[in-house]
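Participant: Sharing run_32.txt below, compact mmCIF, C-alpha atoms:
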```
# COMPACT_ATOMS: atom_id res chain seq x y z
CA MET A 1 0.00 0.00 0.00
CA GLU A 2 1.34 3.41 -1.01
CA VAL A 3 -0.09 5.56 1.76
CA GLU A 4 0.63 8.86 0.03
CA LYS A 5 -1.37 7.81 -3.04
CA THR A 6 -4.30 6.02 -1.36
CA LEU A 7 -5.07 7.89 1.86
CA ARG A 8 -7.72 10.60 1.67
CA MET A 9 -10.85 11.58 3.54
CA ASN A 10 -14.14 10.88 1.75
CA VAL A 11 -15.00 13.69 -0.64
CA GLY A 12 -18.31 15.42 -1.37
CA HIS A 13 -21.22 16.15 0.95
CA GLY A 14 -22.99 12.79 1.11
CA GLU A 15 -23.92 10.71 4.14
CA SER A 16 -20.46 9.14 4.41
CA SER A 17 -18.44 12.21 3.40
CA TYR A 18 -15.84 13.78 5.64
CA ALA A 19 -17.51 17.18 5.29
CA SER A 20 -20.70 15.74 6.84
CA ASN A 21 -18.92 13.70 9.50
CA SER A 22 -16.01 15.73 10.90
CA LEU A 23 -17.67 16.89 14.13
CA ILE A 24 -15.29 14.75 16.16
CA GLN A 25 -12.30 16.51 14.56
CA GLU A 26 -13.95 19.89 15.21
CA SER A 27 -14.44 19.04 18.89
CA VAL A 28 -10.74 18.12 19.19
CA ILE A 29 -9.68 21.45 17.65
CA ARG A 30 -11.94 23.35 20.04
CA LYS A 31 -10.69 21.44 23.09
CA SER A 32 -7.08 22.26 22.19
CA GLU A 33 -7.81 26.00 21.82
CA THR A 34 -6.36 26.86 25.25
CA VAL A 35 -2.99 25.38 24.27
CA LEU A 36 -3.17 27.33 21.00
CA GLN A 37 -3.86 30.58 22.88
CA ASP A 38 -1.04 30.03 25.36
CA THR A 39 1.38 29.14 22.56
CA ILE A 40 0.68 32.29 20.54
CA LYS A 41 0.83 34.44 23.69
CA GLY A 42 4.21 32.89 24.38
CA MET A 43 5.43 34.35 21.07
CA VAL A 44 5.03 37.96 22.27
CA ASN A 45 8.76 38.52 22.54
CA THR A 46 9.47 37.25 19.06
CA GLU A 47 9.28 38.96 15.73
CA ALA A 48 6.61 36.45 14.73
CA ALA A 49 3.99 37.98 17.01
CA PHE A 50 4.38 41.54 15.79
CA SER A 51 5.72 41.40 12.26
CA LYS A 52 3.81 42.82 9.32
CA SER A 53 2.62 39.36 8.36
CA PHE A 54 1.64 36.23 10.26
CA VAL A 55 1.94 32.90 8.45
CA LEU A 56 -0.04 29.88 9.66
CA ALA A 57 0.44 26.38 8.24
CA ASP A 58 -2.30 23.82 8.85
CA ILE A 59 -0.70 20.40 8.34
CA GLY A 60 -3.01 17.56 7.34
CA CYS A 61 -5.93 19.98 7.12
CA GLY A 62 -8.46 17.67 5.48
CA PRO A 63 -11.47 18.98 3.53
CA GLY A 64 -14.44 20.92 4.88
CA THR A 65 -14.92 23.69 7.42
CA ASN A 66 -12.51 22.75 10.22
CA THR A 67 -9.49 24.35 8.55
CA LEU A 68 -11.21 27.73 8.30
CA LEU A 69 -12.42 27.36 11.89
CA LEU A 70 -8.79 26.97 12.92
CA ALA A 71 -7.75 29.97 10.82
CA SER A 72 -10.44 32.12 12.46
CA MET A 73 -9.30 31.06 15.92
CA VAL A 74 -5.67 31.94 15.20
CA ILE A 75 -6.60 35.31 13.67
CA ASP A 76 -8.71 36.15 16.74
CA ILE A 77 -5.88 35.26 19.12
CA VAL A 78 -3.24 37.24 17.19
CA LEU A 79 -5.45 40.34 16.93
CA GLU A 80 -6.30 40.22 20.64
CA LEU A 81 -2.62 39.82 21.49
CA ARG A 82 -1.65 42.83 19.41
CA LYS A 83 -4.45 44.86 20.98
CA GLU A 84 -3.19 44.01 24.46
CA ASN A 85 0.22 45.29 23.41
CA ASN A 86 -1.21 48.50 21.89
CA ILE A 87 -0.46 47.47 18.31
CA HIS A 88 -3.69 48.23 16.52
CA LYS A 89 -2.58 47.85 12.92
CA ALA A 90 -3.48 44.32 11.87
CA PRO A 91 -0.88 42.18 10.11
CA GLN A 92 -1.44 40.43 6.82
CA PHE A 93 -2.41 36.82 7.45
CA GLN A 94 -1.31 33.97 5.24
CA VAL A 95 -2.96 30.57 5.78
CA CYS A 96 -1.13 27.68 4.10
CA LEU A 97 -3.20 24.51 3.84
CA ASN A 98 -1.47 21.16 3.56
CA ASP A 99 -2.71 17.65 2.92
CA LEU A 100 -2.00 14.84 0.48
CA PHE A 101 -2.66 15.36 -3.22
CA GLY A 102 -5.95 13.46 -3.08
CA ASN A 103 -7.44 15.87 -0.55
CA ASP A 104 -10.56 17.77 -1.63
CA PHE A 105 -9.06 21.27 -1.46
CA ASN A 106 -11.87 22.59 -3.67
CA SER A 107 -14.37 22.06 -0.86
CA ILE A 108 -12.33 24.54 1.19
CA PHE A 109 -11.86 27.04 -1.63
CA GLN A 110 -15.62 27.14 -2.19
CA LEU A 111 -16.03 28.33 1.41
CA LEU A 112 -13.56 31.20 1.05
CA PRO A 113 -15.94 33.95 -0.18
CA ASN A 114 -18.08 33.57 2.94
CA PHE A 115 -14.98 33.22 5.12
CA TYR A 116 -13.52 36.49 3.82
CA ALA A 117 -16.89 38.26 4.10
CA ASN A 118 -17.36 37.13 7.70
CA LEU A 119 -13.87 38.28 8.63
CA LYS A 120 -14.60 41.73 7.25
CA LYS A 121 -18.00 41.83 8.94
CA GLU A 122 -16.74 40.74 12.34
CA LYS A 123 -13.42 42.60 12.41
CA GLY A 124 -14.15 45.58 10.18
CA GLU A 125 -11.10 47.77 9.76
CA ASN A 126 -9.27 45.77 12.44
CA ILE A 127 -8.50 42.99 9.99
CA GLY A 128 -5.81 43.26 7.36
CA SER A 129 -5.52 41.12 4.25
CA CYS A 130 -5.88 37.35 4.53
CA PHE A 131 -4.55 35.00 1.89
CA VAL A 132 -5.39 31.28 1.81
CA SER A 133 -3.36 28.91 -0.35
CA ALA A 134 -2.81 25.17 -0.71
CA ASN A 135 0.53 23.35 -0.37
CA PRO A 136 -0.25 19.70 -1.16
CA GLY A 137 2.20 16.93 -0.41
CA SER A 138 3.37 14.56 2.30
CA PHE A 139 4.26 16.29 5.56
CA TYR A 140 7.23 13.94 5.78
CA SER A 141 8.82 16.04 3.03
CA ARG A 142 9.52 19.76 2.60
CA LEU A 143 6.40 21.85 2.07
CA PHE A 144 7.37 25.51 2.56
CA PRO A 145 10.37 27.82 1.98
CA ASP A 146 13.10 28.19 4.60
CA GLU A 147 12.06 30.06 7.76
CA SER A 148 8.73 31.18 6.31
CA ILE A 149 6.19 29.87 8.86
CA HIS A 150 5.37 31.47 12.21
CA LEU A 151 2.94 28.84 13.49
CA VAL A 152 2.37 25.22 12.47
CA HIS A 153 -0.85 23.55 13.54
CA SER A 154 -1.79 19.92 13.06
CA SER A 155 -4.73 18.03 14.52
CA TRP A 156 -5.26 14.28 14.14
CA ALA A 157 -2.77 14.00 11.30
CA VAL A 158 0.76 13.28 12.51
CA HIS A 159 -0.20 9.89 13.98
CA TRP A 160 -0.55 8.75 10.34
CA LEU A 161 2.62 6.94 9.28
CA SER A 162 4.42 7.38 5.98
CA GLN A 163 4.17 3.65 5.29
CA ILE A 164 3.11 0.32 6.71
CA PRO A 165 5.84 -0.84 9.16
CA GLU A 166 8.13 -3.47 7.68
CA GLY A 167 8.29 -7.06 8.89
CA ILE A 168 4.73 -7.43 10.20
CA GLU A 169 3.56 -10.13 7.79
CA ASN A 170 2.86 -12.33 10.84
CA ASN A 171 0.13 -9.98 12.08
CA LYS A 172 -2.29 -12.16 10.07
CA ASP A 173 -5.92 -11.66 11.21
CA ASN A 174 -5.14 -8.27 12.77
CA ILE A 175 -5.07 -5.00 10.83
CA TYR A 176 -3.29 -2.95 13.50
CA MET A 177 -1.64 -3.47 16.86
CA ALA A 178 -4.06 -5.80 18.69
CA THR A 179 -3.85 -7.69 21.96
CA SER A 180 -3.16 -10.85 19.94
CA SER A 181 -0.42 -9.29 17.77
CA PRO A 182 3.10 -10.76 18.03
CA PRO A 183 5.67 -8.63 19.95
CA ASN A 184 7.58 -7.68 16.76
CA VAL A 185 4.46 -5.90 15.45
CA PHE A 186 4.44 -3.45 18.36
CA GLU A 187 8.17 -2.89 17.94
CA ALA A 188 7.84 -2.27 14.20
CA TYR A 189 5.02 0.25 14.66
CA GLU A 190 6.90 2.16 17.36
CA LYS A 191 10.07 2.21 15.25
CA GLN A 192 8.17 3.55 12.22
CA PHE A 193 6.58 6.28 14.35
CA GLN A 194 9.97 7.38 15.70
CA THR A 195 11.46 7.46 12.20
CA ASP A 196 8.51 9.39 10.77
CA PHE A 197 8.03 11.89 13.59
CA ILE A 198 11.72 12.75 13.66
CA LYS A 199 11.54 13.30 9.89
CA PHE A 200 8.48 15.53 10.41
CA LEU A 201 10.37 17.61 12.98
CA GLN A 202 13.42 17.87 10.72
CA MET A 203 11.34 19.17 7.81
CA ARG A 204 9.47 21.71 9.95
CA SER A 205 12.70 22.89 11.62
CA LYS A 206 13.83 24.25 8.26
CA GLU A 207 10.48 25.95 7.56
CA VAL A 208 9.57 27.51 10.93
CA VAL A 209 11.18 30.83 11.90
CA HIS A 210 13.39 30.87 15.01
CA GLY A 211 11.04 31.45 17.92
CA GLY A 212 8.11 30.19 15.87
CA CYS A 213 5.90 27.46 17.29
CA MET A 214 3.98 24.28 16.55
CA VAL A 215 0.82 22.96 18.18
CA LEU A 216 0.32 19.27 17.39
CA THR A 217 -2.59 17.09 18.50
CA PHE A 218 -2.17 13.32 18.33
CA LEU A 219 -4.49 10.46 18.93
CA GLY A 220 -2.45 8.87 21.69
CA ARG A 221 -2.54 6.46 24.57
CA SER A 222 -2.00 6.94 28.31
CA SER A 223 0.09 3.83 28.93
CA VAL A 224 3.62 3.09 27.75
CA ASP A 225 2.42 -0.48 27.16
CA PRO A 226 1.11 -0.69 23.56
CA THR A 227 -0.69 -3.98 24.29
CA THR A 228 -3.30 -2.12 26.38
CA ASN A 229 -5.27 -1.62 23.15
CA GLU A 230 -6.66 1.77 24.09
CA ASN A 231 -8.29 4.36 21.90
CA GLY A 232 -8.33 3.66 18.18
CA GLY A 233 -6.79 0.27 18.79
CA ARG A 234 -10.04 -1.16 20.11
CA ILE A 235 -12.08 0.31 17.26
CA LEU A 236 -9.66 -1.11 14.70
CA GLU A 237 -9.71 -4.49 16.43
CA LEU A 238 -13.48 -4.56 15.97
CA LEU A 239 -13.01 -3.57 12.32
CA SER A 240 -10.58 -6.48 11.97
CA GLN A 241 -13.16 -8.84 13.49
CA SER A 242 -15.77 -7.55 11.02
CA LEU A 243 -13.45 -8.29 8.10
CA LEU A 244 -12.74 -11.74 9.54
CA ASP A 245 -16.49 -12.43 9.66
CA MET A 246 -16.67 -11.52 5.96
CA VAL A 247 -13.79 -13.91 5.24
CA LYS A 248 -15.75 -16.72 6.91
CA GLU A 249 -18.79 -15.80 4.82
CA GLY A 250 -16.74 -15.86 1.62
CA LEU A 251 -17.14 -12.12 1.08
CA VAL A 252 -13.44 -11.27 1.52
CA GLN A 253 -10.30 -13.16 0.52
CA GLU A 254 -8.32 -14.36 3.55
CA SER A 255 -5.05 -13.47 1.82
CA ASP A 256 -6.26 -9.89 1.39
CA LEU A 257 -7.04 -9.61 5.09
CA HIS A 258 -3.66 -11.04 6.06
CA SER A 259 -1.83 -8.46 3.93
CA PHE A 260 -3.78 -5.43 5.19
CA ASN A 261 -2.53 -3.19 8.02
CA ILE A 262 -3.49 0.33 9.05
CA PRO A 263 -0.64 2.91 8.75
CA ASN A 264 -1.12 4.91 11.94
CA TYR A 265 0.26 4.85 15.46
CA THR A 266 -1.10 6.22 18.72
CA PRO A 267 1.99 7.19 20.75
CA CYS A 268 2.28 7.70 24.49
CA GLU A 269 3.72 10.88 25.95
CA ASP A 270 7.17 9.37 26.47
CA GLU A 271 7.44 8.34 22.81
CA VAL A 272 6.58 11.85 21.63
CA SER A 273 9.13 13.38 24.04
CA LYS A 274 11.79 10.91 22.94
CA ALA A 275 11.45 11.92 19.29
CA VAL A 276 11.49 15.65 20.08
CA HIS A 277 14.60 15.22 22.24
CA ASN A 278 16.42 13.07 19.67
CA GLU A 279 15.71 15.46 16.79
CA GLY A 280 16.75 18.49 18.86
CA SER A 281 15.40 21.48 16.89
CA PHE A 282 12.40 22.21 19.13
CA SER A 283 11.84 22.73 22.83
CA ILE A 284 8.68 21.49 24.51
CA ASN A 285 6.50 24.18 26.06
CA THR A 286 3.51 22.23 27.32
CA TYR A 287 1.70 18.94 27.17
CA ASN A 288 -2.03 18.62 27.55
CA VAL A 289 -4.10 15.45 27.56
CA PHE A 290 -7.86 15.12 27.22
CA GLN A 291 -10.42 12.45 26.38
CA GLY A 292 -13.44 12.41 24.12
CA ASN A 293 -16.21 10.01 23.20
CA TRP A 294 -15.89 8.37 19.79
CA ASP A 295 -19.40 9.61 19.06
CA PRO A 296 -18.88 13.40 19.18
CA ARG A 297 -22.61 13.89 19.79
CA ASP A 298 -22.31 11.86 22.99
CA THR A 299 -21.63 14.42 25.74
CA ASP A 300 -22.04 11.94 28.61
CA PHE A 301 -18.73 11.48 30.40
CA THR A 302 -20.29 10.26 33.66
CA ASN A 303 -21.49 6.80 32.67
CA VAL A 304 -18.85 4.22 31.81
CA LYS A 305 -21.25 2.27 29.58
CA ASP A 306 -24.27 2.94 27.38
CA SER A 307 -27.82 1.69 27.61
CA ASP A 308 -28.73 -0.71 24.79
CA GLU A 309 -30.71 1.97 22.94
CA LYS A 310 -28.00 4.62 23.21
CA SER A 311 -25.25 2.18 22.29
CA HIS A 312 -26.75 1.62 18.84
CA ILE A 313 -27.16 5.36 18.22
CA HIS A 314 -23.63 6.15 19.38
CA ALA A 315 -22.20 3.18 17.46
CA LYS A 316 -23.79 4.35 14.20
CA ASN A 317 -22.39 7.87 14.64
CA CYS A 318 -18.98 6.47 15.54
CA THR A 319 -18.67 4.08 12.62
CA THR A 320 -19.98 6.61 10.10
CA ALA A 321 -17.23 8.99 11.18
CA LEU A 322 -14.70 6.15 11.01
CA ARG A 323 -15.79 5.24 7.48
CA THR A 324 -15.03 8.75 6.18
CA VAL A 325 -11.41 8.27 7.24
CA TYR A 326 -10.65 4.63 6.41
CA GLU A 327 -12.83 3.90 3.38
CA SER A 328 -10.17 4.94 0.85
CA LEU A 329 -7.60 2.56 2.37
CA LEU A 330 -10.08 -0.32 2.51
CA THR A 331 -11.38 0.04 -1.04
CA SER A 332 -7.88 0.56 -2.43
CA HIS A 333 -6.64 -2.67 -0.83
CA PHE A 334 -9.67 -4.99 -1.08
CA GLY A 335 -11.02 -3.64 -4.37
CA ASN A 336 -14.56 -3.72 -5.72
CA LEU A 337 -15.22 -7.15 -4.21
CA LEU A 338 -15.52 -5.55 -0.76
CA ASN A 339 -19.07 -4.47 0.07
CA ILE A 340 -18.20 -1.47 2.19
CA ASP A 341 -21.80 -1.03 3.39
CA VAL A 342 -21.95 -4.59 4.74
CA LEU A 343 -18.58 -4.16 6.44
CA PHE A 344 -19.64 -1.06 8.35
CA GLN A 345 -23.02 -2.57 9.23
CA LYS A 346 -21.14 -5.42 10.90
CA LEU A 347 -18.78 -2.97 12.60
CA THR A 348 -21.70 -0.91 13.92
CA MET A 349 -23.19 -3.98 15.60
CA LYS A 350 -19.86 -4.87 17.22
CA VAL A 351 -19.25 -1.31 18.44
CA ALA A 352 -22.78 -1.18 19.91
CA GLU A 353 -22.11 -4.38 21.87
CA ASP A 354 -18.84 -2.91 23.14
CA LEU A 355 -20.41 0.39 24.19
CA ALA A 356 -23.10 -1.44 26.15
CA ASN A 357 -20.32 -3.04 28.21
CA LYS A 358 -17.80 -0.20 28.32
CA LYS A 359 -17.56 3.12 26.55
CA ILE A 360 -14.66 3.45 24.13
CA ARG A 361 -13.05 6.87 24.46
CA HIS A 362 -10.20 8.46 22.55
CA LEU A 363 -7.26 10.10 24.29
CA ASN A 364 -5.55 13.10 22.77
CA ILE A 365 -2.05 14.43 23.37
CA VAL A 366 -1.60 18.14 22.60
CA ILE A 367 1.99 19.33 22.49
CA SER A 368 3.28 22.89 22.09
CA LEU A 369 6.80 23.30 20.67
CA THR A 370 9.07 26.29 20.03
CA ARG A 371 11.76 26.39 17.33
CA LYS A 372 15.13 26.87 19.02
```
Write the structure described by the file as structure tokens, please.
Facilitator:
Amino acid sequence: MEVEKTLRMNVGHGESSYASNSLIQESVIRKSETVLQDTIKGMVNTEAAFSKSFVLADIGCGPGTNTLLLASMVIDIVLELRKENNIHKAPQFQVCLNDLFGNDFNSIFQLLPNFYANLKKEKGENIGSCFVSANPGSFYSRLFPDESIHLVHSSWAVHWLSQIPEGIENNKDNIYMATSSPPNVFEAYEKQFQTDFIKFLQMRSKEVVHGGCMVLTFLGRSSVDPTTNENGGRILELLSQSLLDMVKEGLVQESDLHSFNIPNYTPCEDEVSKAVHNEGSFSINTYNVFQGNWDPRDTDFTNVKDSDEKSHIHAKNCTTALRTVYESLLTSHFGNLLNIDVLFQKLTMKVAEDLANKKIRHLNIVISLTRK
């Protein structure tokens, strides 16, 4: 599987599109806003905070409205910061959007007229020019000119690996790190994450101005033990079981299942710190950790399990959101023989059973970094 060529969020505005099912990503961006505010405020003594222009790069932006939500948040914070420091002339803002070449950038561009009009309406003469552009490509390669970016933001992107880890052919009926995976699978995934994240830091170190910052949000895990199967691991284990059911029913080739693995990794805090320390170009400002329900419409954090009725509602919302992210990888690998609707119907039933016993929550690591 060539991740760079096959991975993309579902396009369009249909029932299973990313644009219609990215509320969970929006909630993560909103919950990390405090770290974003503190990071930009920490730039007050640098040229980046008060220069004539402020350049934001949104790495792994995806399609839809979340990117422009992030841009609005950053613009608000920068303008408030300058007001507090009696600098009333607004800078020019440049928003650089990045994702893989298959990303639906047009869905963002179509939103720009309203975005620009709302900025003018809300800020009036307090807002300077704002320019939005696209910089497609893998974030494990160079994307921007030397020392051109003041702030890099990335949410739910950098846990995607550049490739499937090597040497995990013995993972067999699993499609990710599962409780039944052999020890070498966990080692291979962790090694690939370290290689990729260090590469990511190296590329951004050339592009971010000295004193500039990055705010990165990962899907992560709380334990150093990868066999705990937290977060996305449990969801993907249920997806693997759904595919295995289809193998038994003759709907999927067993060989195709055995050769399929998901190219992402949910690191723990220590693994993120290790990569930052080993690469050496950035200093860590803050860590923040928070949880969320896999169904973003589920605001109940008191109960540890769902009622039967709620579990089916929450499971449907959860798996629909999951489909928008993983469908391209599944259809690319399994081909037209895979009935994607049947697969996610099976997954929904399994997730509902799980939620009735114990809620599956995702854990997020938010890290703020400054370029040395």
Participant: Can you check which parts of stretch 232-253 of chain A lie within 7 Å of stretch 343-349 of chain A? Per residue, the shortest pair of atoms and distance in Å to one decimal, counting all atoms listed in the file, sorted by chain and number, as a tab-separated table.
Facilitator:
```
residue	atom	partner	partner_atom	distance
A:Leu238	CA	A:Leu347	CA	6.5
A:Leu239	CA	A:Leu347	CA	5.8
A:Ser242	CA	A:Leu347	CA	5.7
A:Leu243	CA	A:Leu343	CA	6.8
```
Participant: Take the point (5.6, 8.5, 24.6) in the file's coordinates, draw a sphere of radius 9 Å around it, and report as a PyMOL selection string every protein, DNA or RNA residue with an atom inside or on it, counting all atoms listed in the file.
Facilitator: chain A and resi 220-224+267-275
Participant: Compile the contact shell of A:Phe93 as JSON, numbers by chain: residues with an atom at most 12 Å away, counting all atoms listed in the file, same-chain residues fewer than 6 positions apart removed.
Facilitator: {"A": [48, 49, 50, 51, 52, 53, 54, 55, 56, 57, 71, 72, 74, 75, 76, 78, 79, 116, 119, 127, 128, 129, 130, 131, 132, 133, 149, 150, 151]}
Participant: Have a look at atom CA of A:Glu353 and atom CA of A:Thr217 and let me know their distance in Å, one decimal.
Facilitator: 29.2 Å
Participant: Smallest atom-to-atom distance to A:Tyr287: which of A:Ile168, A:Ile108, A:Leu7, A:Leu216, using all atoms listed in the file?
Facilitator: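 When distances to A:Tyr287 are compared using all atoms listed in the file, the smallest one comes from A:Leu216.
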Participant: Mind giving me the straight-line distance from atom CA of A:Asn303 to atom CA of A:Asn174 in Å, one decimal?
Facilitator: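 Interatomic distance, atom CA of A:Asn303 to atom CA of A:Asn174: 29.8 Å.
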Participant: For a test of reading the model, state the distance in Å between atom CA of A:His159 and atom CA of A:Ile40, rounded to one decimal.
Facilitator: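 Atom CA of A:Ile40 lies 23.4 Å from atom CA of A:His159.
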Participant: Using all atoms listed in the file, which protein or nucleic acid residues come within 7 Å of A:Leu219? Drop anything in the same chain fewer than 3 positions from it, and give the result as a PyMOL selection string.
Facilitator: chain A and resi 156+159+266+363-365
Participant: What's around stretch 204-215 of chain A at 6 Å? Count only C-alpha atoms, leave out sequence neighbours fewer than 3 positions away in its own chain, and write the answer as a VMD selection string.
Facilitator: chain A and resid 144 to 153 201 367 to 372
Participant: Using all atoms listed in the file, list the residues that have an atom at most 7 Å from (15.9, 19.1, 15.8), coordinates as in the file, as a ChimeraX atom specification.
Facilitator: /A:201-202,205,279-282
Participant: Excluding A:Lys5 and its own-chain neighbours fewer than 2 positions away, which residues fall within 10 Å of it when counting all atoms listed in the file? Please give them as a list in words.
Facilitator: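 Counting all atoms listed in the file, the residues come to Met1, Glu2, Val3, Leu7, Arg8, Leu100, Phe101, Gly102, Ser138, Leu329 and Ser332 of chain A.
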Participant: Could you list, as JSON, numbers by chain, every residue within 9 Å of A:Gly62, counting only C-alpha atoms and ignoring same-chain residues fewer than 6 positions away?
Facilitator: {"A": [8, 9, 18, 97, 98, 99, 100, 103, 104, 105, 108, 157]}
Participant: With distances taken over all atoms listed in the file, which of A:Ile87, A:Leu251, A:Leu143, A:Ile235 is nearest to A:Ala178?
Facilitator: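 The closest residue to A:Ala178 is A:Ile235.
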Participant: Nearest to A:Asn288 among A:Val366, A:Val342, A:Leu337, A:Met73, with distances taken over all atoms listed in the file: which residue is it?
Facilitator: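 Among A:Val366, A:Val342, A:Leu337, A:Met73, it is A:Val366 that comes nearest to A:Asn288.
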Participant: My list of candidates is A:Phe200, A:Asp298, A:Tyr265, A:Leu244. Which is closest to A:Val185 when distances are computed with all atoms listed in the file?
Facilitator: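 Looking at the shortest contact to A:Val185, the residue is A:Tyr265.
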Participant: Between A:Asn106, A:Asn184, A:Ser27, A:Gln37, which has the minimum distance to A:Leu69 (counting only C-alpha atoms)?
Facilitator: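 Among A:Asn106, A:Asn184, A:Ser27, A:Gln37, it is A:Ser27 that comes nearest to A:Leu69.
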Participant: Could you check the closest approach to A:Asn278 for each of A:Pro226, A:Gly60, A:Asp354, A:Phe197 and tell me which residue wins, using all atoms listed in the file?
Facilitator: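 Of A:Pro226, A:Gly60, A:Asp354, A:Phe197, the one nearest A:Asn278 is A:Phe197, counting all atoms listed in the file.
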Participant: Box for stretch 260-271 of chain A: with edges along x, y and z, all listed atoms inside and 5 Å added on each side, what are the centre and edge lengths in Å to one decimal, as lines of an AutoDock Vina configuration file?
Facilitator:
```
center_x = 1.8
center_y = 2.7
center_z = 15.8
size_x = 21.2
size_y = 26.3
size_z = 31.3
```
